[in-house]
file work-v1.cif (mmCIF, C-alpha atoms and all ligand atoms)
data_upload
#
loop_
_atom_site.group_PDB
_atom_site.id
_atom_site.type_symbol
_atom_site.label_atom_id
_atom_site.label_comp_id
_atom_site.auth_asym_id
_atom_site.auth_seq_id
_atom_site.Cartn_x
_atom_site.Cartn_y
_atom_site.Cartn_z
ATOM 1 C CA MET A 142 21.944 0.260 2.568
ATOM 2 C CA LYS A 143 19.250 -2.362 3.115
ATOM 3 C CA ASP A 144 18.374 -0.997 6.578
ATOM 4 C CA GLU A 145 17.946 2.606 5.476
ATOM 5 C CA ALA A 146 14.480 3.770 6.599
ATOM 6 C CA VAL A 147 12.487 5.350 3.803
ATOM 7 C CA ILE A 148 9.528 5.854 6.122
ATOM 8 C CA ASP A 149 10.162 6.707 9.750
ATOM 9 C CA VAL A 150 7.206 7.325 12.065
ATOM 10 C CA ARG A 151 7.882 8.278 15.651
ATOM 11 C CA GLY A 152 5.529 8.936 18.530
ATOM 12 C CA LEU A 153 2.535 9.306 16.245
ATOM 13 C CA ARG A 154 -0.852 10.222 17.640
ATOM 14 C CA THR A 155 -3.861 10.485 15.367
ATOM 15 C CA GLN A 156 -7.346 11.229 16.537
ATOM 16 C CA PHE A 157 -10.761 12.218 15.282
ATOM 17 C CA GLY A 158 -12.416 14.358 17.938
ATOM 18 C CA ASP A 159 -12.052 12.370 21.163
ATOM 19 C CA HIS A 160 -11.394 9.138 19.353
ATOM 20 C CA VAL A 161 -7.686 8.370 19.550
ATOM 21 C CA VAL A 162 -6.718 5.946 16.785
ATOM 22 C CA HIS A 163 -2.930 5.867 17.279
ATOM 23 C CA GLU A 164 -0.967 6.751 20.387
ATOM 24 C CA ASN A 165 2.809 6.798 20.534
ATOM 25 C CA LEU A 166 3.091 4.706 17.372
ATOM 26 C CA ASP A 167 6.567 4.003 16.002
ATOM 27 C CA LEU A 168 7.285 2.356 12.661
ATOM 28 C CA LYS A 169 10.188 2.156 10.239
ATOM 29 C CA VAL A 170 9.898 0.924 6.669
ATOM 30 C CA ARG A 171 13.225 -0.052 5.145
ATOM 31 C CA LYS A 172 14.353 0.712 1.630
ATOM 32 C CA GLY A 173 13.436 -2.048 -0.804
ATOM 33 C CA GLU A 174 11.234 -4.093 1.505
ATOM 34 C CA VAL A 175 7.595 -5.098 1.324
ATOM 35 C CA LEU A 176 6.089 -4.308 4.707
ATOM 36 C CA GLY A 177 2.639 -5.698 5.439
ATOM 37 C CA ILE A 178 0.416 -3.865 7.920
ATOM 38 C CA VAL A 179 -2.105 -6.077 9.701
ATOM 39 C CA GLY A 180 -4.447 -5.622 12.635
ATOM 40 C CA GLY A 181 -8.063 -6.076 13.617
ATOM 41 C CA SER A 182 -10.805 -4.120 11.921
ATOM 42 C CA GLY A 183 -10.744 -0.453 12.922
ATOM 43 C CA THR A 184 -7.229 -0.533 14.411
ATOM 44 C CA GLY A 185 -6.200 2.276 12.084
ATOM 45 C CA LYS A 186 -4.319 0.646 9.211
ATOM 46 C CA SER A 187 -5.869 2.816 6.507
ATOM 47 C CA VAL A 188 -5.642 5.902 8.698
ATOM 48 C CA LEU A 189 -1.924 5.208 9.160
ATOM 49 C CA LEU A 190 -1.418 5.000 5.396
ATOM 50 C CA ARG A 191 -3.411 8.189 4.854
ATOM 51 C CA THR A 192 -1.491 9.985 7.586
ATOM 52 C CA ILE A 193 1.907 9.012 6.182
ATOM 53 C CA VAL A 194 0.974 10.346 2.738
ATOM 54 C CA GLY A 195 -0.371 13.564 4.240
ATOM 55 C CA LEU A 196 -4.110 13.036 3.676
ATOM 56 C CA ASN A 197 -4.704 13.094 7.407
ATOM 57 C CA ARG A 198 -3.005 15.433 9.839
ATOM 58 C CA PRO A 199 -1.295 13.843 12.869
ATOM 59 C CA ALA A 200 -2.153 15.228 16.316
ATOM 60 C CA ALA A 201 1.403 14.575 17.527
ATOM 61 C CA GLY A 202 4.606 12.861 16.462
ATOM 62 C CA ARG A 203 6.999 13.013 13.574
ATOM 63 C CA ILE A 204 6.760 11.450 10.142
ATOM 64 C CA GLU A 205 9.671 11.292 7.717
ATOM 65 C CA VAL A 206 9.315 9.979 4.192
ATOM 66 C CA LEU A 207 12.367 9.685 1.943
ATOM 67 C CA GLY A 208 14.270 11.876 4.374
ATOM 68 C CA GLU A 209 11.697 14.686 4.316
ATOM 69 C CA GLU A 210 9.081 15.731 6.819
ATOM 70 C CA PRO A 211 5.997 16.321 4.663
ATOM 71 C CA SER A 212 4.383 18.654 7.209
ATOM 72 C CA MET A 213 7.423 20.978 7.068
ATOM 73 C CA LEU A 214 7.423 21.395 3.284
ATOM 74 C CA ASN A 215 5.977 24.171 1.202
ATOM 75 C CA GLU A 216 3.477 23.320 -1.531
ATOM 76 C CA GLU A 217 6.070 22.989 -4.281
ATOM 77 C CA GLU A 218 8.341 20.756 -2.189
ATOM 78 C CA ARG A 219 5.364 18.640 -1.154
ATOM 79 C CA GLN A 220 4.358 18.075 -4.755
ATOM 80 C CA ALA A 221 7.901 17.055 -5.607
ATOM 81 C CA LEU A 222 7.855 14.553 -2.741
ATOM 82 C CA GLU A 223 4.425 13.210 -3.717
ATOM 83 C CA GLN A 224 5.765 12.367 -7.146
ATOM 84 C CA ARG A 225 8.130 9.906 -5.491
ATOM 85 C CA TRP A 226 5.342 7.620 -4.281
ATOM 86 C CA GLY A 227 2.295 5.968 -5.791
ATOM 87 C CA ILE A 228 -0.894 4.925 -4.028
ATOM 88 C CA LEU A 229 -3.430 2.238 -4.830
ATOM 89 C CA PHE A 230 -6.510 2.843 -2.712
ATOM 90 C CA GLN A 231 -8.891 0.068 -1.756
ATOM 91 C CA ASP A 232 -11.452 0.814 -4.449
ATOM 92 C CA GLY A 233 -8.817 1.474 -7.118
ATOM 93 C CA ALA A 234 -9.954 5.114 -7.147
ATOM 94 C CA LEU A 235 -9.964 5.357 -10.928
ATOM 95 C CA PHE A 236 -11.780 8.223 -12.606
ATOM 96 C CA SER A 237 -14.824 6.531 -14.137
ATOM 97 C CA ALA A 238 -15.182 9.094 -16.932
ATOM 98 C CA LEU A 239 -11.604 8.490 -18.137
ATOM 99 C CA THR A 240 -10.167 5.486 -19.965
ATOM 100 C CA VAL A 241 -7.397 3.449 -18.352
ATOM 101 C CA ALA A 242 -4.749 5.263 -20.407
ATOM 102 C CA GLU A 243 -6.234 8.645 -19.503
ATOM 103 C CA ASN A 244 -6.243 7.625 -15.831
ATOM 104 C CA VAL A 245 -2.525 6.858 -16.047
ATOM 105 C CA GLN A 246 -1.939 10.150 -17.849
ATOM 106 C CA VAL A 247 -3.545 12.270 -15.123
ATOM 107 C CA ALA A 248 -0.185 12.309 -13.336
ATOM 108 C CA TYR A 249 1.653 13.293 -16.529
ATOM 109 C CA ARG A 250 -0.719 16.181 -17.193
ATOM 110 C CA GLU A 251 -0.420 17.347 -13.607
ATOM 111 C CA HIS A 252 3.309 17.064 -13.123
ATOM 112 C CA LEU A 253 5.066 16.835 -16.479
ATOM 113 C CA LYS A 254 4.938 18.711 -19.725
ATOM 114 C CA MET A 255 5.190 16.269 -22.599
ATOM 115 C CA PRO A 256 3.716 15.798 -26.048
ATOM 116 C CA GLY A 257 0.516 13.764 -26.383
ATOM 117 C CA ASP A 258 2.062 10.887 -28.338
ATOM 118 C CA MET A 259 4.741 10.478 -25.686
ATOM 119 C CA MET A 260 2.041 10.334 -22.988
ATOM 120 C CA ASP A 261 0.247 7.669 -25.024
ATOM 121 C CA GLU A 262 3.413 5.617 -25.319
ATOM 122 C CA LEU A 263 4.184 5.900 -21.617
ATOM 123 C CA ALA A 264 0.633 4.979 -20.614
ATOM 124 C CA ALA A 265 0.770 1.943 -22.925
ATOM 125 C CA LEU A 266 4.023 0.915 -21.257
ATOM 126 C CA LYS A 267 2.458 1.077 -17.798
ATOM 127 C CA VAL A 268 -0.609 -0.849 -18.967
ATOM 128 C CA ARG A 269 1.643 -3.642 -20.255
ATOM 129 C CA LEU A 270 3.817 -3.491 -17.137
ATOM 130 C CA VAL A 271 0.890 -4.523 -14.942
ATOM 131 C CA GLY A 272 -0.034 -7.399 -17.231
ATOM 132 C CA LEU A 273 -3.079 -5.872 -18.906
ATOM 133 C CA PRO A 274 -3.702 -6.420 -22.621
ATOM 134 C CA ILE A 275 -3.032 -3.270 -24.612
ATOM 135 C CA GLU A 276 -6.741 -3.092 -25.598
ATOM 136 C CA ALA A 277 -7.493 -2.321 -21.935
ATOM 137 C CA ALA A 278 -5.835 1.093 -22.339
ATOM 138 C CA SER A 279 -8.817 2.475 -24.245
ATOM 139 C CA LYS A 280 -11.459 0.934 -21.970
ATOM 140 C CA TYR A 281 -13.364 2.679 -19.187
ATOM 141 C CA PRO A 282 -13.110 1.273 -15.640
ATOM 142 C CA SER A 283 -16.719 0.025 -15.803
ATOM 143 C CA GLU A 284 -15.774 -2.169 -18.771
ATOM 144 C CA LEU A 285 -13.113 -4.039 -16.783
ATOM 145 C CA SER A 286 -13.298 -6.925 -14.321
ATOM 146 C CA GLY A 287 -12.419 -6.292 -10.658
ATOM 147 C CA GLY A 288 -8.962 -7.812 -11.134
ATOM 148 C CA MET A 289 -8.296 -5.719 -14.223
ATOM 149 C CA ARG A 290 -9.409 -2.581 -12.386
ATOM 150 C CA LYS A 291 -6.897 -3.322 -9.624
ATOM 151 C CA ARG A 292 -4.181 -3.657 -12.237
ATOM 152 C CA ALA A 293 -5.293 -0.424 -13.888
ATOM 153 C CA GLY A 294 -5.101 1.261 -10.470
ATOM 154 C CA LEU A 295 -1.609 -0.141 -10.074
ATOM 155 C CA ALA A 296 -0.623 1.177 -13.510
ATOM 156 C CA ARG A 297 -1.791 4.602 -12.392
ATOM 157 C CA ALA A 298 0.116 4.322 -9.105
ATOM 158 C CA LEU A 299 3.268 3.455 -11.094
ATOM 159 C CA ALA A 300 2.802 6.258 -13.635
ATOM 160 C CA LEU A 301 5.638 8.429 -12.334
ATOM 161 C CA ASP A 302 8.083 5.588 -11.546
ATOM 162 C CA PRO A 303 7.692 5.948 -7.775
ATOM 163 C CA GLU A 304 10.185 4.794 -5.163
ATOM 164 C CA ILE A 305 7.458 3.841 -2.686
ATOM 165 C CA LEU A 306 4.182 2.100 -3.423
ATOM 166 C CA PHE A 307 1.331 2.351 -0.906
ATOM 167 C CA LEU A 308 -1.364 -0.291 -1.285
ATOM 168 C CA ASP A 309 -4.584 -0.501 0.725
ATOM 169 C CA GLU A 310 -6.124 -3.977 0.611
ATOM 170 C CA PRO A 311 -5.123 -4.635 -3.010
ATOM 171 C CA THR A 312 -6.586 -8.157 -3.125
ATOM 172 C CA ALA A 313 -9.893 -7.349 -1.395
ATOM 173 C CA GLY A 314 -12.781 -8.429 -3.588
ATOM 174 C CA LEU A 315 -10.656 -10.575 -5.893
ATOM 175 C CA ASP A 316 -11.255 -14.306 -6.274
ATOM 176 C CA PRO A 317 -8.394 -16.499 -4.971
ATOM 177 C CA ILE A 318 -6.880 -17.019 -8.426
ATOM 178 C CA GLY A 319 -7.004 -13.309 -9.240
ATOM 179 C CA ALA A 320 -5.585 -12.494 -5.797
ATOM 180 C CA ALA A 321 -2.684 -14.932 -6.219
ATOM 181 C CA ALA A 322 -1.933 -13.487 -9.663
ATOM 182 C CA PHE A 323 -1.921 -9.988 -8.184
ATOM 183 C CA ASP A 324 0.465 -11.127 -5.422
ATOM 184 C CA ARG A 325 2.867 -12.535 -8.016
ATOM 185 C CA LEU A 326 2.678 -9.363 -10.091
ATOM 186 C CA LEU A 327 3.350 -7.224 -7.033
ATOM 187 C CA LYS A 328 6.405 -9.242 -6.050
ATOM 188 C CA GLU A 329 7.771 -9.249 -9.597
ATOM 189 C CA LEU A 330 7.313 -5.512 -9.989
ATOM 190 C CA GLN A 331 8.750 -4.787 -6.564
ATOM 191 C CA GLN A 332 11.889 -6.754 -7.389
ATOM 192 C CA ALA A 333 12.249 -5.494 -10.954
ATOM 193 C CA LEU A 334 11.690 -1.849 -10.030
ATOM 194 C CA GLY A 335 13.365 -1.891 -6.593
ATOM 195 C CA LEU A 336 10.213 -0.554 -4.944
ATOM 196 C CA THR A 337 9.592 -0.129 -1.249
ATOM 197 C CA VAL A 338 6.031 -1.308 -0.577
ATOM 198 C CA PHE A 339 3.724 -0.345 2.291
ATOM 199 C CA LEU A 340 0.896 -2.853 2.101
ATOM 200 C CA VAL A 341 -2.258 -2.806 4.225
ATOM 201 C CA THR A 342 -3.889 -6.215 4.015
ATOM 202 C CA HIS A 343 -6.074 -8.792 5.712
ATOM 203 C CA ASP A 344 -5.020 -11.403 3.215
ATOM 204 C CA LEU A 345 -2.788 -14.035 4.830
ATOM 205 C CA ASP A 346 -1.841 -15.505 1.452
ATOM 206 C CA THR A 347 -0.634 -12.072 0.355
ATOM 207 C CA LEU A 348 1.418 -11.735 3.536
ATOM 208 C CA TYR A 349 3.130 -15.057 2.916
ATOM 209 C CA ALA A 350 3.616 -14.481 -0.803
ATOM 210 C CA THR A 351 4.874 -10.914 -0.815
ATOM 211 C CA CYS A 352 6.011 -9.519 2.555
ATOM 212 C CA ASP A 353 9.541 -9.317 3.903
ATOM 213 C CA ARG A 354 8.294 -8.021 7.241
ATOM 214 C CA ILE A 355 4.959 -7.497 8.926
ATOM 215 C CA ALA A 356 3.861 -4.792 11.368
ATOM 216 C CA VAL A 357 0.945 -5.566 13.668
ATOM 217 C CA LEU A 358 -1.340 -2.747 14.806
ATOM 218 C CA ALA A 359 -3.101 -3.239 18.138
ATOM 219 C CA ASP A 360 -3.650 -1.158 21.269
ATOM 220 C CA LYS A 361 -3.255 2.010 19.124
ATOM 221 C CA ARG A 362 0.363 1.271 18.167
ATOM 222 C CA VAL A 363 2.651 -1.187 16.380
ATOM 223 C CA ILE A 364 2.963 -4.001 18.894
ATOM 224 C CA LEU A 365 5.338 -6.097 16.771
ATOM 225 C CA ALA A 366 7.258 -5.555 13.538
ATOM 226 C CA GLY A 367 9.240 -8.461 12.172
ATOM 227 C CA THR A 368 9.375 -11.476 9.923
ATOM 228 C CA MET A 369 6.793 -14.226 9.683
ATOM 229 C CA GLU A 370 9.026 -16.252 12.008
ATOM 230 C CA ASP A 371 8.812 -13.426 14.578
ATOM 231 C CA MET A 372 5.007 -13.512 14.248
ATOM 232 C CA MET A 373 4.941 -17.269 14.824
ATOM 233 C CA ALA A 374 7.163 -16.910 17.890
ATOM 234 C CA SER A 375 4.934 -14.240 19.491
ATOM 235 C CA ASP A 376 2.511 -15.145 22.244
ATOM 236 C CA HIS A 377 0.387 -12.007 21.906
ATOM 237 C CA PRO A 378 -3.230 -13.277 21.815
ATOM 238 C CA TRP A 379 -4.278 -11.435 18.649
ATOM 239 C CA ILE A 380 -1.101 -12.392 16.790
ATOM 240 C CA THR A 381 -1.438 -16.028 17.856
ATOM 241 C CA GLU A 382 -5.051 -16.197 16.798
ATOM 242 C CA TYR A 383 -4.416 -14.458 13.479
ATOM 243 C CA PHE A 384 -1.325 -16.336 12.357
ATOM 244 C CA LYS A 385 -1.920 -19.689 14.003
ATOM 245 C CA GLY A 386 -5.705 -19.874 13.583
ATOM 246 C CA PRO A 387 -7.127 -22.168 10.880
ATOM 247 C CA ARG A 388 -6.762 -19.601 8.082
ATOM 248 C CA GLY A 389 -3.230 -18.668 9.112
ATOM 249 C CA ARG A 390 -2.200 -22.318 9.173
ATOM 250 C CA ALA A 391 -3.805 -22.967 5.796
ATOM 251 C CA ALA A 392 -2.004 -19.985 4.238
ATOM 252 C CA GLY A 393 1.284 -21.181 5.728
ATOM 253 C CA ARG A 394 0.796 -24.722 4.399
ATOM 254 C CA ALA A 395 -0.016 -23.341 0.949
ATOM 255 C CA GLN A 396 3.398 -21.635 0.986
ATOM 256 C CA GLY A 397 5.128 -24.790 2.174
ATOM 257 C CA LYS A 398 5.544 -23.602 5.769
ATOM 258 C CA PRO A 399 4.664 -26.005 8.576
ATOM 259 C CA GLY A 400 1.322 -25.104 10.178
HETATM 260 N N1 LIG B 1 -12.267 10.650 8.495
HETATM 261 C C1 LIG B 1 -12.562 10.024 9.659
HETATM 262 N N2 LIG B 1 -13.312 10.640 10.608
HETATM 263 C C2 LIG B 1 -13.589 10.030 11.773
HETATM 264 N N3 LIG B 1 -13.167 8.792 12.113
HETATM 265 C C3 LIG B 1 -12.426 8.122 11.201
HETATM 266 C C4 LIG B 1 -12.085 8.704 9.929
HETATM 267 N N4 LIG B 1 -11.337 7.803 9.250
HETATM 268 C C5 LIG B 1 -11.229 6.721 10.041
HETATM 269 N N5 LIG B 1 -11.870 6.915 11.204
HETATM 270 C C6 LIG B 1 -11.927 5.951 12.307
HETATM 271 O O1 LIG B 1 -10.609 5.544 12.611
HETATM 272 C C7 LIG B 1 -10.581 4.169 12.989
HETATM 273 C C8 LIG B 1 -9.580 3.424 12.155
HETATM 274 O O2 LIG B 1 -10.063 3.358 10.819
HETATM 275 P P1 LIG B 1 -9.266 2.590 9.667
HETATM 276 O O3 LIG B 1 -10.104 2.706 8.443
HETATM 277 O O4 LIG B 1 -7.874 3.068 9.603
HETATM 278 O O5 LIG B 1 -9.268 1.104 10.207
HETATM 279 P P2 LIG B 1 -8.634 -0.187 9.527
HETATM 280 O O6 LIG B 1 -7.699 -0.776 10.496
HETATM 281 O O7 LIG B 1 -8.095 0.162 8.177
HETATM 282 O O8 LIG B 1 -9.949 -1.081 9.428
HETATM 283 P P3 LIG B 1 -10.443 -2.170 8.358
HETATM 284 O O9 LIG B 1 -9.504 -3.315 8.502
HETATM 285 O O10 LIG B 1 -11.815 -2.499 8.835
HETATM 286 O O11 LIG B 1 -10.401 -1.525 6.993
HETATM 287 C C9 LIG B 1 -12.010 3.648 12.853
HETATM 288 O O12 LIG B 1 -12.615 3.660 14.125
HETATM 289 C C10 LIG B 1 -12.658 4.662 11.931
HETATM 290 O O13 LIG B 1 -14.045 4.775 12.198
#

call {"tool": "encode", "arguments": {"input": "work-v1.cif", "output": "structure tokens", "more": "lines below"}}
Ligand SMILES: Nc1ncnc2c1ncn2[C@@H]1O[C@H](COP(=O)(O)OP(=O)(O)OP(=O)(O)O)[C@@H](O)[C@H]1O
result
Amino acid sequence: MKDEAVIDVRGLRTQFGDHVVHENLDLKVRKGEVLGIVGGSGTGKSVLLRTIVGLNRPAAGRIEVLGEEPSMLNEEERQALEQRWGILFQDGALFSALTVAENVQVAYREHLKMPGDMMDELAALKVRLVGLPIEAASKYPSELSGGMRKRAGLARALALDPEILFLDEPTAGLDPIGAAAFDRLLKELQQALGLTVFLVTHDLDTLYATCDRIAVLADKRVILAGTMEDMMASDHPWITEYFKGPRGRAAGRAQGKPG
């Protein structure tokens, strides 16, 4: 069932006042794939993510996630659906007054009833899963490096064993070594856990290292969704400049692809 769509967006329009961000946007994300969303600054990548997860209301169109239409659900059904995905926002969005373990446990307190020691064990498991030392569990976000905070955010996003992981610019602000390590972790986790990943990124190295397909946002819609080979074959000016410009070529060479 590799082609089964777990996210299906059709005819989406989003707008803020008179400002139309998306018009007639279609996008399918297939089960088990890592889909990278790219596009120029302000083309609406983050707004698309936020709209799919219900944080922003579409002006028109239809959004299905895991076979459900979030806007048609009652509160209880919505909560049940929300437990099936995890989100890592750009800034990690950790609660600064809580330790890493407590951040992971927010989801357990909200959605599950379980004894404290079991929550501790589960949080420790998630902390290890994302490659953090166990000591990090009792630290506050301000005591961690940027890379460790991203991993802590990922641990929180994975708290409830989601089927879909939404990531907004996960490698932004990381040094190249930290970013490459995060890419490897993401790919390993995606394969081990069978996740579907919706990944907003500007990072060409991340695209090469992790994505099965890429969707390009321009002119208020997805102008091309396909593999890296499809991107290289396109003659759309933005796509050509992005993927075949000096940075695109360098990223391709680093992954052993001819530039
Ligand atoms: N809550 C909001 N109210 C009004 N306008 C908004 C809101 N959120 C986003 N926008 C506008 O929607 C457009 C798309 O924003 P978005 O953050 O999705 O862009 P992006 O493609 O993720 O950009 P970047 O790559 O720079 O992060 C921008 O013009 C932005 O100003």

call {"tool": "closest_atom_pairs", "arguments": {"input": "work-v1.cif", "of": "range 312-396 of chain A", "to": "range 214-231 of chain A", "cutoff": "10 Å", "atoms": "all atoms listed in the file", "output": "tab-separated table"}}
result
residue	atom	partner	partner_atom	distance
A:Thr312	CA	A:Gln231	CA	8.7
A:Ala313	CA	A:Gln231	CA	7.5
A:Gly314	CA	A:Gln231	CA	9.5
A:Leu336	CA	A:Trp226	CA	9.5
A:Thr337	CA	A:Trp226	CA	9.3
A:Val338	CA	A:Trp226	CA	9.7
A:Phe339	CA	A:Ile228	CA	9.4
A:Leu340	CA	A:Leu229	CA	9.6
A:Val341	CA	A:Gln231	CA	9.4
A:Thr342	CA	A:Gln231	CA	9.9

call {"tool": "write_last_selection", "arguments": {"input": "work-v1.cif", "atoms": "C-alpha atoms", "output": "PDB file, keeping the file's coordinate frame"}}
result
ATOM      1  CA  THR A 312      -6.586  -8.157  -3.125  1.00  0.00           C
ATOM      2  CA  ALA A 313      -9.893  -7.349  -1.395  1.00  0.00           C
ATOM      3  CA  GLY A 314     -12.781  -8.429  -3.588  1.00  0.00           C
ATOM      4  CA  LEU A 336      10.213  -0.554  -4.944  1.00  0.00           C
ATOM      5  CA  THR A 337       9.592  -0.129  -1.249  1.00  0.00           C
ATOM      6  CA  VAL A 338       6.031  -1.308  -0.577  1.00  0.00           C
ATOM      7  CA  PHE A 339       3.724  -0.345   2.291  1.00  0.00           C
ATOM      8  CA  LEU A 340       0.896  -2.853   2.101  1.00  0.00           C
ATOM      9  CA  VAL A 341      -2.258  -2.806   4.225  1.00  0.00           C
ATOM     10  CA  THR A 342      -3.889  -6.215   4.015  1.00  0.00           C
TER      11      THR A 342
END

call {"tool": "residues_around", "arguments": {"input": "work-v1.cif", "residues": "Pro274 in chain A", "least_positions_apart": "2", "cutoff": "12 Å", "atoms": "only C-alpha atoms", "output": "list in words"}}
result
Val241, Ala242, Ala265, Leu266, Lys267, Val268, Arg269, Leu270, Val271, Gly272, Glu276, Ala277, Ala278, Ser279, Lys280, Leu285, Met289, Arg292 and Ala293 of chain A

call {"tool": "write_last_selection", "arguments": {"input": "work-v1.cif", "atoms": "C-alpha atoms", "output": "PDB file, in the coordinates of the input"}}
result
ATOM      1  CA  VAL A 241      -7.397   3.449 -18.352  1.00  0.00           C
ATOM      2  CA  ALA A 242      -4.749   5.263 -20.407  1.00  0.00           C
ATOM      3  CA  ALA A 265       0.770   1.943 -22.925  1.00  0.00           C
ATOM      4  CA  LEU A 266       4.023   0.915 -21.257  1.00  0.00           C
ATOM      5  CA  LYS A 267       2.458   1.077 -17.798  1.00  0.00           C
ATOM      6  CA  VAL A 268      -0.609  -0.849 -18.967  1.00  0.00           C
ATOM      7  CA  ARG A 269       1.643  -3.642 -20.255  1.00  0.00           C
ATOM      8  CA  LEU A 270       3.817  -3.491 -17.137  1.00  0.00           C
ATOM      9  CA  VAL A 271       0.890  -4.523 -14.942  1.00  0.00           C
ATOM     10  CA  GLY A 272      -0.034  -7.399 -17.231  1.00  0.00           C
ATOM     11  CA  GLU A 276      -6.741  -3.092 -25.598  1.00  0.00           C
ATOM     12  CA  ALA A 277      -7.493  -2.321 -21.935  1.00  0.00           C
ATOM     13  CA  ALA A 278      -5.835   1.093 -22.339  1.00  0.00           C
ATOM     14  CA  SER A 279      -8.817   2.475 -24.245  1.00  0.00           C
ATOM     15  CA  LYS A 280     -11.459   0.934 -21.970  1.00  0.00           C
ATOM     16  CA  LEU A 285     -13.113  -4.039 -16.783  1.00  0.00           C
ATOM     17  CA  MET A 289      -8.296  -5.719 -14.223  1.00  0.00           C
ATOM     18  CA  ARG A 292      -4.181  -3.657 -12.237  1.00  0.00           C
ATOM     19  CA  ALA A 293      -5.293  -0.424 -13.888  1.00  0.00           C
TER      20      ALA A 293
END

call {"tool": "resolve_selection", "arguments": {"input": "work-v1.cif", "expression": "the PyMOL selection byres (((chain A and resi 196) around 12) and not hetatm)", "output": "ChimeraX atom specification"}}
result
/A:155,187-195,197-199,211-212,223,228

call {"tool": "resolve_selection", "arguments": {"input": "work-v1.cif", "expression": "the PyMOL selection byres (((chain A and resi 202) around 7) and not hetatm)", "output": "MDAnalysis selection string"}}
result
chainID A and resid 151:154 199 201 203:204

call {"tool": "residues_near_point", "arguments": {"input": "work-v1.cif", "point": "(5.0, -12.9, 11.1)", "cutoff": "9 Å", "atoms": "only C-alpha atoms", "output": "PDB file with C-alpha atoms, keeping the file's coordinate frame"}}
result
ATOM      1  CA  LEU A 348       1.418 -11.735   3.536  1.00  0.00           C
ATOM      2  CA  TYR A 349       3.130 -15.057   2.916  1.00  0.00           C
ATOM      3  CA  ARG A 354       8.294  -8.021   7.241  1.00  0.00           C
ATOM      4  CA  ILE A 355       4.959  -7.497   8.926  1.00  0.00           C
ATOM      5  CA  ALA A 356       3.861  -4.792  11.368  1.00  0.00           C
ATOM      6  CA  VAL A 357       0.945  -5.566  13.668  1.00  0.00           C
ATOM      7  CA  LEU A 365       5.338  -6.097  16.771  1.00  0.00           C
ATOM      8  CA  ALA A 366       7.258  -5.555  13.538  1.00  0.00           C
ATOM      9  CA  GLY A 367       9.240  -8.461  12.172  1.00  0.00           C
ATOM     10  CA  THR A 368       9.375 -11.476   9.923  1.00  0.00           C
ATOM     11  CA  MET A 369       6.793 -14.226   9.683  1.00  0.00           C
ATOM     12  CA  GLU A 370       9.026 -16.252  12.008  1.00  0.00           C
ATOM     13  CA  ASP A 371       8.812 -13.426  14.578  1.00  0.00           C
ATOM     14  CA  MET A 372       5.007 -13.512  14.248  1.00  0.00           C
ATOM     15  CA  MET A 373       4.941 -17.269  14.824  1.00  0.00           C
ATOM     16  CA  ALA A 374       7.163 -16.910  17.890  1.00  0.00           C
ATOM     17  CA  SER A 375       4.934 -14.240  19.491  1.00  0.00           C
ATOM     18  CA  ILE A 380      -1.101 -12.392  16.790  1.00  0.00           C
ATOM     19  CA  PHE A 384      -1.325 -16.336  12.357  1.00  0.00           C
TER      20      PHE A 384
END

call {"tool": "residues_around", "arguments": {"input": "work-v1.cif", "residues": "Arg388 in chain A", "least_positions_apart": "6", "cutoff": "12 Å", "atoms": "all atoms listed in the file", "output": "compact mmCIF listing (two decimals) with C-alpha atoms, keeping the file's coordinate frame"}}
result
# COMPACT_ATOMS: atom_id res chain seq x y z
CA HIS A 343 -6.07 -8.79 5.71
CA ASP A 344 -5.02 -11.40 3.22
CA LEU A 345 -2.79 -14.04 4.83
CA ASP A 346 -1.84 -15.50 1.45
CA THR A 381 -1.44 -16.03 17.86
CA GLU A 382 -5.05 -16.20 16.80
CA ARG A 394 0.80 -24.72 4.40
CA ALA A 395 -0.02 -23.34 0.95
CA GLY A 400 1.32 -25.10 10.18

call {"tool": "residues_near_ligand", "arguments": {"input": "work-v1.cif", "ligand": "ligand LIG 1 (chain B)", "cutoff": "7 Å", "atoms": "only C-alpha atoms and all ligand atoms", "output": "ChimeraX atom specification"}}
result
/A:157,162,180-189

call {"tool": "closest_residue", "arguments": {"input": "work-v1.cif", "among": "A:Leu358, A:Met213, A:Val175, A:Val161", "to": "Asp324 in chain A", "atoms": "only C-alpha atoms"}}
result
A:Val175

call {"tool": "atom_distance", "arguments": {"input": "work-v1.cif", "atom1": "CA of Leu273 in chain A", "atom2": "CA of Ala248 in chain A"}}
result
19.2 Å

call {"tool": "closest_residue", "arguments": {"input": "work-v1.cif", "among": "A:Glu210, A:Leu253, A:Lys172, A:Ile178", "to": "Gly335 in chain A", "atoms": "all atoms listed in the file"}}
result
A:Lys172

call {"tool": "closest_residue", "arguments": {"input": "work-v1.cif", "among": "A:Pro303, A:Gly386, A:Gly257, A:Gly319", "to": "Gly287 in chain A", "atoms": "all atoms listed in the file"}}
result
A:Gly319

call {"tool": "closest_residue", "arguments": {"input": "work-v1.cif", "among": "A:Glu243, A:Asp360, A:Glu209, A:Asp261", "to": "Pro282 in chain A", "atoms": "only C-alpha atoms"}}
result
A:Glu243

call {"tool": "atom_distance", "arguments": {"input": "work-v1.cif", "atom1": "CA of Ala238 in chain A", "atom2": "CA of Leu330 in chain A"}}
result
27.7 Å

call {"tool": "closest_residue", "arguments": {"input": "work-v1.cif", "among": "A:Gln396, A:Asp258, A:Glu205, A:Ala359", "to": "Pro378 in chain A", "atoms": "all atoms listed in the file"}}
result
A:Ala359

call {"tool": "atom_distance", "arguments": {"input": "work-v1.cif", "atom1": "CA of Asn165 in chain A", "atom2": "CA of Lys361 in chain A"}}
result
7.9 Å
